[in-house]
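Below: one structure, written as structure tokens.
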Amino acid sequence: MHDQLLVALLAIADVRLIASYTDDQLGFPGDDSIQVFFPDFHLLSAARRALFDYGTNNEPALIQVAAAVLKLKNDAAAAGRHVTVFHIGDYLDLWRESLLPDLDPAVPDLIKDSHQALVNILEDPALNTHFLLGNHDFDLYQFAEYNTWERRFFIPGDAPSVVVMHGDYFDWVERNAPAELRDIAVYLFSENHQAGDALIGQMRNLSLACKLADYANFIQAPQPAILGALQPGGGVPANYNLQTTANSTQDGTKFLAAACQECVNANTANGTNLRMAIIGHTHHARIATMTMPNGTPFALVDTGAWIENCGEANGGQSIPNAQITALSANQVRIYQLNPHP
Amino acid sequence: MNSRPLGFTLIFIAGLAACGVPKTVTPTLLPVPPLDSRWERTEADRIALPLTAAGRKDIEDALTYGLNRQNQIDNVATDPNAKASYGPLLDLLAQTASLSDLSTPAYKKWYPGKLVMQIVDARDAVTPRGHAPVALNDGRYWWVFYRNTQDQLNGVMVVKVAALEVLIEKAR
């Protein structure tokens with residue numbers, strides 16, 4: 001179903017391939033289903049957006065993309081095929097919207113009021129978006145409306161090979177908070193039952209501990225994320241522009257080793273076969289690969305963002321991040337969209 | 001109790017508030033969430049206690065897919081290890097038990113918090129009185145236990161109410 005999605009995207013934008021990766025053991029062998037991943041949006045209310053030099057990129061195109069995915073899902077269902085949609089987290093940016101979002105359920109509504117068309121599609125029950133909580137919208141968990149939003153998903157659900165999570169956990173790993181991380185790692189990767197643990201409180205504390213003092217000029221990096229060379233979206237190779245520790249763009253392998261190690265730990269403890277982590281958070285679209293100690297290939301897929309900028313390794317102008325990721329027929333692709341004028 | 005307005009009954013009991021000491025918060029009332037946060041659609045498909053083989057399979061599926069049947073339709077798991085990690089608890093629930101058993105160490109191991117005695121379920125035509133359901137938290141989900149007039153546990157419904165998870169707030 002990659003082709004159907006690509007056709008739909010080409011009607012909206014010039015599409016370039018950031019990276020592709022194929023692994024026959026991902027658990028999605030057929031072409032009768034596709035998993036679509038929306039990255040970080042960081043939506044703000046119009047009033048707050050006016051106070052920042054940067055914000056969600058090209059929302060009209062984003063609305064078109066969301067509508068195209070909804071149509072694809074409806075058309076696929078009629079043909080006996082299946083589209084599953086995820087939002088990777090940081091859909092709303094509570095941190096930039098308000099100094100005290102954690103007690104006021106009106107804050108997310110204030111943001112959504114400025115993005116009704118987009119929200120109506122993304123939260124349409126017909127799309128059944130599987131929302132993850134990011135660090136900038138973690139406090140949504142306190143409000144009943146967001147009760148089904150999660151911190152990680154495992155796909156395919158009956159024999160998981162992929163963990164889908166926001167990715168801010170790896171910030172905590174880098175900051176080395178071992179006492180809190182032990183239980184949280186279990187929660188995120190292996191889900192052993194921990195009677196009485198109150199992990200959400202700990203996770204929220206760590207999110208706040210990693211909050212920057214000032215988001216006036218950027219969230220993740222002041223410079224564009226370097227993607228490597230992009231190529232036209234047609235004729236996608238099985239593997240393209242993969243980042244490795246031996247050959248990487250700047251920060252191309254960030255979180256790779258940590259993500260691999262967590263999956264190795266979970267597999268050892270629980271007999272799972274996790275071999276891919278799909279994240280957002282860094283606003284740096286990329287696929288990074290390495291090999292697990294037992295020889296299993298591992299990939300970290302970073303779905304990028306729809307905020308801040310990126311650029312090619314050989315220089316040139318910066319490009320607004322506008323990325324979408326898809327997994328079908330055991331192949332992951334990340335596209336950069338340059339919407340038609 | 002039953003005549004109190006909802007706003008007055010949703011009272012939280014604050015624990016120790018000294019600096020650096022974890023503060024726990026236990027609700028006194030549990031609202032049953034909508035269908036996307038519970039496996040049970042209607043009372044007709046309530047999981048009976050003691051657990052049967054079919055009931056056990058049903059509850060394992062519920063825990064694997066985050067109590068959300070839409071997750072199951074999309075084959076998106078939230079806890080692929082649920083069958084193993086909750087196995088000993090499900091063994092326990094396969095045994096005959098009554099309300100008082102919920103306070104024994106065997107159950108406290110899984111549900112260390114206080115028993116919540118007020119369950120508000122919008123599906124109820126009238127407020128349950130007498131042998132009303134009770135709820136316990138396992139650290140992630142709320143388990144609503146139903147009982148008969150002899151206080152024997154005869155049904156269970158697992159629900160997710162993230163906003164009522166017991167927080168550990170640290171000084172910050």
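Chain identifiers are assigned as A, B, and so on, following the order in which chains appear in the structure tokens; residues are numbered from 1 within each chain, and ligands are numbered from 1 in order of appearance.
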If you take only C-alpha atoms and a cut-off of 9 Å, which residues of chain B touch chain A, and what are their nearest atom pairs and distances in Å to one decimal, in chain and number order, as a Markdown table?
| residue | atom | partner | partner_atom | distance |
| --- | --- | --- | --- | --- |
| B:Pro33 | CA | A:Ala144 | CA | 8.2 |
| B:Asp36 | CA | A:Thr148 | CA | 6.9 |
| B:Ser37 | CA | A:Thr148 | CA | 6.3 |
| B:Thr64 | CA | A:Gly157 | CA | 7.9 |
| B:Tyr65 | CA | A:Gly157 | CA | 7.6 |
| B:Gly66 | CA | A:Thr148 | CA | 8.3 |
| B:Asn68 | CA | A:Thr148 | CA | 7.9 |
| B:Gln70 | CA | A:Asn128 | CA | 7.5 |
| B:Asn71 | CA | A:His130 | CA | 8.0 |
| B:Gln72 | CA | A:Gly157 | CA | 7.7 |
| B:Asp74 | CA | A:Thr84 | CA | 6.2 |
| B:Asn75 | CA | A:Gly157 | CA | 4.7 |
| B:Val76 | CA | A:Gly157 | CA | 4.5 |
| B:Ala77 | CA | A:Gly157 | CA | 4.3 |
| B:Thr78 | CA | A:Phe153 | CA | 4.9 |
| B:Asp79 | CA | A:Glu191 | CA | 5.9 |
| B:Pro80 | CA | A:Gly157 | CA | 6.6 |
| B:Asn81 | CA | A:Glu191 | CA | 6.2 |
| B:Ala82 | CA | A:Glu191 | CA | 7.5 |
| B:Ala84 | CA | A:Asn192 | CA | 8.2 |
| B:Ser85 | CA | A:His193 | CA | 5.2 |
| B:Tyr86 | CA | A:His193 | CA | 6.5 |
| B:Lys109 | CA | A:Ala195 | CA | 6.8 |
| B:Trp110 | CA | A:Ala195 | CA | 5.2 |
| B:Tyr111 | CA | A:Ala195 | CA | 6.7 |
| B:Pro112 | CA | A:Gly196 | CA | 5.9 |
| B:Gly113 | CA | A:Gly196 | CA | 7.4 |
| B:Asn137 | CA | A:Gly196 | CA | 7.8 |
| B:Asp138 | CA | A:Ala195 | CA | 5.6 |
| B:Gly139 | CA | A:Gly196 | CA | 4.5 |
| B:Arg140 | CA | A:Ala198 | CA | 7.9 |
| B:Lys160 | CA | A:Asn147 | CA | 7.2 |
| B:Val161 | CA | A:Asn147 | CA | 6.3 |
| B:Ala162 | CA | A:Asn147 | CA | 5.9 |
| B:Ala163 | CA | A:Gln142 | CA | 4.2 |
| B:Leu164 | CA | A:Gln142 | CA | 7.8 |
| B:Glu165 | CA | A:Ala198 | CA | 7.2 |
| B:Val166 | CA | A:Ala198 | CA | 5.8 |
| B:Leu167 | CA | A:Gly201 | CA | 4.8 |
| B:Ile168 | CA | A:Gly201 | CA | 5.0 |
| B:Glu169 | CA | A:Gly201 | CA | 5.8 |
| B:Lys170 | CA | A:Asn205 | CA | 7.3 |
| B:Arg172 | CA | A:Asn205 | CA | 8.0 |
Mind writing the picked residues with N, CA and C atoms as a compact mmCIF listing (two decimals), in the first residue's frame?
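Saved to again-v7.txt:
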# COMPACT_ATOMS: atom_id res chain seq x y z
N PRO B 33 -15.22 4.77 33.08
CA PRO B 33 -14.95 5.54 31.86
C PRO B 33 -15.76 5.03 30.67
N ASP B 36 -14.11 3.29 25.26
CA ASP B 36 -12.74 3.17 24.75
C ASP B 36 -11.72 2.94 25.86
N SER B 37 -12.18 2.94 27.10
CA SER B 37 -11.26 2.74 28.23
C SER B 37 -11.70 1.60 29.12
N THR B 64 -3.85 -6.97 27.11
CA THR B 64 -2.89 -6.86 26.01
C THR B 64 -3.17 -5.63 25.17
N TYR B 65 -4.45 -5.35 24.93
CA TYR B 65 -4.81 -4.26 24.02
C TYR B 65 -5.25 -3.00 24.77
N GLY B 66 -4.82 -2.87 26.00
CA GLY B 66 -5.05 -1.62 26.72
C GLY B 66 -6.52 -1.34 26.99
N ASN B 68 -8.94 -1.48 25.12
CA ASN B 68 -9.53 -0.73 24.02
C ASN B 68 -9.71 -1.66 22.82
N GLN B 70 -10.68 -1.00 19.91
CA GLN B 70 -10.16 -0.41 18.68
C GLN B 70 -8.68 -0.76 18.51
N ASN B 71 -7.95 -0.85 19.61
CA ASN B 71 -6.55 -1.28 19.52
C ASN B 71 -6.47 -2.71 19.01
N GLN B 72 -7.40 -3.55 19.48
CA GLN B 72 -7.40 -4.94 19.03
C GLN B 72 -7.71 -5.02 17.54
N ASP B 74 -6.97 -2.88 15.29
CA ASP B 74 -5.77 -2.47 14.56
C ASP B 74 -4.55 -3.32 14.91
N ASN B 75 -4.74 -4.30 15.81
CA ASN B 75 -3.63 -5.15 16.26
C ASN B 75 -2.47 -4.31 16.80
N VAL B 76 -2.82 -3.37 17.65
CA VAL B 76 -1.84 -2.49 18.31
C VAL B 76 -1.91 -2.79 19.81
N ALA B 77 -0.86 -3.38 20.33
CA ALA B 77 -0.85 -3.77 21.74
C ALA B 77 -0.26 -2.67 22.61
N THR B 78 -0.73 -2.60 23.83
CA THR B 78 -0.09 -1.73 24.81
C THR B 78 0.70 -2.54 25.82
N ASP B 79 0.42 -3.82 25.90
CA ASP B 79 1.12 -4.68 26.86
C ASP B 79 1.18 -6.10 26.31
N PRO B 80 2.15 -6.37 25.44
CA PRO B 80 2.21 -7.70 24.82
C PRO B 80 2.56 -8.80 25.82
N ASN B 81 3.04 -8.38 26.99
CA ASN B 81 3.46 -9.35 28.01
C ASN B 81 2.37 -9.59 29.06
N ALA B 82 1.17 -9.11 28.79
CA ALA B 82 0.11 -9.14 29.82
C ALA B 82 -0.20 -10.56 30.30
N ALA B 84 1.63 -13.11 30.65
CA ALA B 84 2.60 -13.60 31.63
C ALA B 84 2.62 -12.74 32.88
N SER B 85 2.63 -11.43 32.68
CA SER B 85 2.83 -10.57 33.84
C SER B 85 1.62 -10.56 34.78
N TYR B 86 0.43 -10.71 34.24
CA TYR B 86 -0.76 -10.77 35.08
C TYR B 86 -1.17 -12.21 35.42
N LYS B 109 -0.87 -7.79 47.55
CA LYS B 109 0.34 -7.85 46.73
C LYS B 109 0.09 -7.20 45.36
N TRP B 110 -1.12 -7.38 44.87
CA TRP B 110 -1.46 -6.84 43.55
C TRP B 110 -2.12 -5.48 43.64
N TYR B 111 -2.87 -5.27 44.70
CA TYR B 111 -3.62 -4.03 44.85
C TYR B 111 -3.26 -3.41 46.21
N PRO B 112 -2.14 -2.70 46.28
CA PRO B 112 -1.68 -2.25 47.59
C PRO B 112 -2.45 -1.06 48.15
N GLY B 113 -3.22 -0.39 47.33
CA GLY B 113 -3.89 0.82 47.79
C GLY B 113 -5.19 0.55 48.52
N ASN B 137 -6.74 -0.58 42.66
CA ASN B 137 -5.83 -0.17 41.60
C ASN B 137 -4.58 -1.05 41.62
N ASP B 138 -4.16 -1.49 40.45
CA ASP B 138 -2.96 -2.34 40.37
C ASP B 138 -1.72 -1.53 39.98
N GLY B 139 -1.82 -0.23 40.00
CA GLY B 139 -0.71 0.62 39.58
C GLY B 139 -0.91 1.14 38.18
N ARG B 140 -1.78 0.51 37.44
CA ARG B 140 -2.05 0.98 36.08
C ARG B 140 -3.55 1.03 35.79
N LYS B 160 -9.59 1.84 32.70
CA LYS B 160 -8.45 2.74 32.74
C LYS B 160 -8.94 4.14 33.03
N VAL B 161 -8.44 4.71 34.10
CA VAL B 161 -8.74 6.11 34.42
C VAL B 161 -7.41 6.74 34.81
N ALA B 162 -6.64 7.14 33.80
CA ALA B 162 -5.27 7.58 34.04
C ALA B 162 -5.21 8.75 35.02
N ALA B 163 -6.20 9.61 34.97
CA ALA B 163 -6.17 10.79 35.83
C ALA B 163 -6.26 10.41 37.30
N LEU B 164 -6.70 9.20 37.58
CA LEU B 164 -6.82 8.78 38.98
C LEU B 164 -5.71 7.83 39.39
N GLU B 165 -4.67 7.70 38.54
CA GLU B 165 -3.56 6.88 38.98
C GLU B 165 -2.89 7.53 40.17
N VAL B 166 -2.37 6.70 41.04
CA VAL B 166 -1.75 7.22 42.25
C VAL B 166 -0.41 7.86 41.88
N LEU B 167 -0.31 9.12 42.14
CA LEU B 167 0.91 9.83 41.77
C LEU B 167 1.94 9.78 42.88
N ILE B 168 3.19 9.73 42.46
CA ILE B 168 4.27 10.03 43.40
C ILE B 168 4.86 11.34 42.93
N GLU B 169 4.58 12.36 43.63
CA GLU B 169 5.10 13.68 43.28
C GLU B 169 6.34 13.96 44.13
N LYS B 170 7.38 14.34 43.48
CA LYS B 170 8.59 14.66 44.22
C LYS B 170 8.76 16.18 44.30
N ARG B 172 10.03 19.58 43.60
CA ARG B 172 10.68 20.09 42.39
C ARG B 172 10.68 21.61 42.39
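Between CA of Ala313 (chain A) and CA of Tyr335 (chain A) the interatomic distance comes to 16.3 Å.
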Those of region 20-167 of chain B in DSSP alpha helix (DSSP H), formatted as a ChimeraX atom specification = /B:53-64,69-73,82-85,87-93,105-108
task = Run DSSP on the backbone of this structure and report the residues of chain B it assigns to strand (DSSP E or B), as a ChimeraX atom specification.
result = /B:12-14,23,25-27,29-31,38,47-48,77,98,116,118-120,134-137,142-147,152-159,169
query = Which of these residues is nearest to Pro128 (chain B), using only C-alpha atoms: B:Gly155, B:Arg147, B:Leu115, B:Thr26?
reply =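 Among the listed residues, B:Arg147 lies closest to Pro128 (chain B).
Restricting the calculation to only C-alpha atoms, the smallest distance between Asp121 (chain B) and any of B:Ala94, B:Leu153, B:Leu49, B:Val144 is found for B:Val144.
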key: Coordinates-based distance that separates CA of Ala288 (chain A) from CA of Leu17 (chain A) (Å, one decimal)   =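 Those two atoms sit 14.9 Å apart.
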task = Write out as a VMD selection string which residues come within 9 Å of Ala135 (chain B) when counting only C-alpha atoms, dropping same-chain ones fewer than 2 positions away.
result = chain B and resid 30 114 to 119 133 137 142 to 146
query = CA of Gly315 (chain A) and CA of Ala225 (chain A), how far apart in Å?
reply =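 CA of Ala225 (chain A) sits 11.2 Å away from CA of Gly315 (chain A).
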task = Check the smallest atom-to-atom distance from each of A:Gly167, A:Gly235, A:Pro293, A:Gly316 to Gly280 (chain A) using only C-alpha atoms, then report the winner.
result =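 Under the stated criterion, the closest residue is A:Gly167.
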request  = Using only C-alpha atoms, determine which residues lie at most 12 Å from Gly252 (chain A), disregarding the query and same-chain residues fewer than 6 positions distant; provide the list as a VMD selection string.
outcome  = chain A and resid 19 225 to 228 241 to 246 282 to 289 300 to 302 304 313
ask   = Restricting the calculation to only C-alpha atoms, which member of A:Leu26, A:Val65, A:Leu72, A:Met165 is positioned closest to Leu327 (chain A)?
value =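 Comparing A:Leu26, A:Val65, A:Leu72, A:Met165 against Leu327 (chain A), the winner is A:Leu26.
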task = Would you list the contacts of Gln331 (chain A) as a list in words, taking every protein, DNA or RNA residue within 7 Å and counting only C-alpha atoms, but skipping same-chain residues closer than 6 positions in sequence?
result = Ser20, Tyr21, Thr22 and Asp23 of chain A
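Of the residues listed (B:Glu60, B:Asp124, B:Asp45, B:Glu40), B:Glu60 shows the shortest atom-to-atom separation from Asp91 (chain B); distances use only C-alpha atoms.
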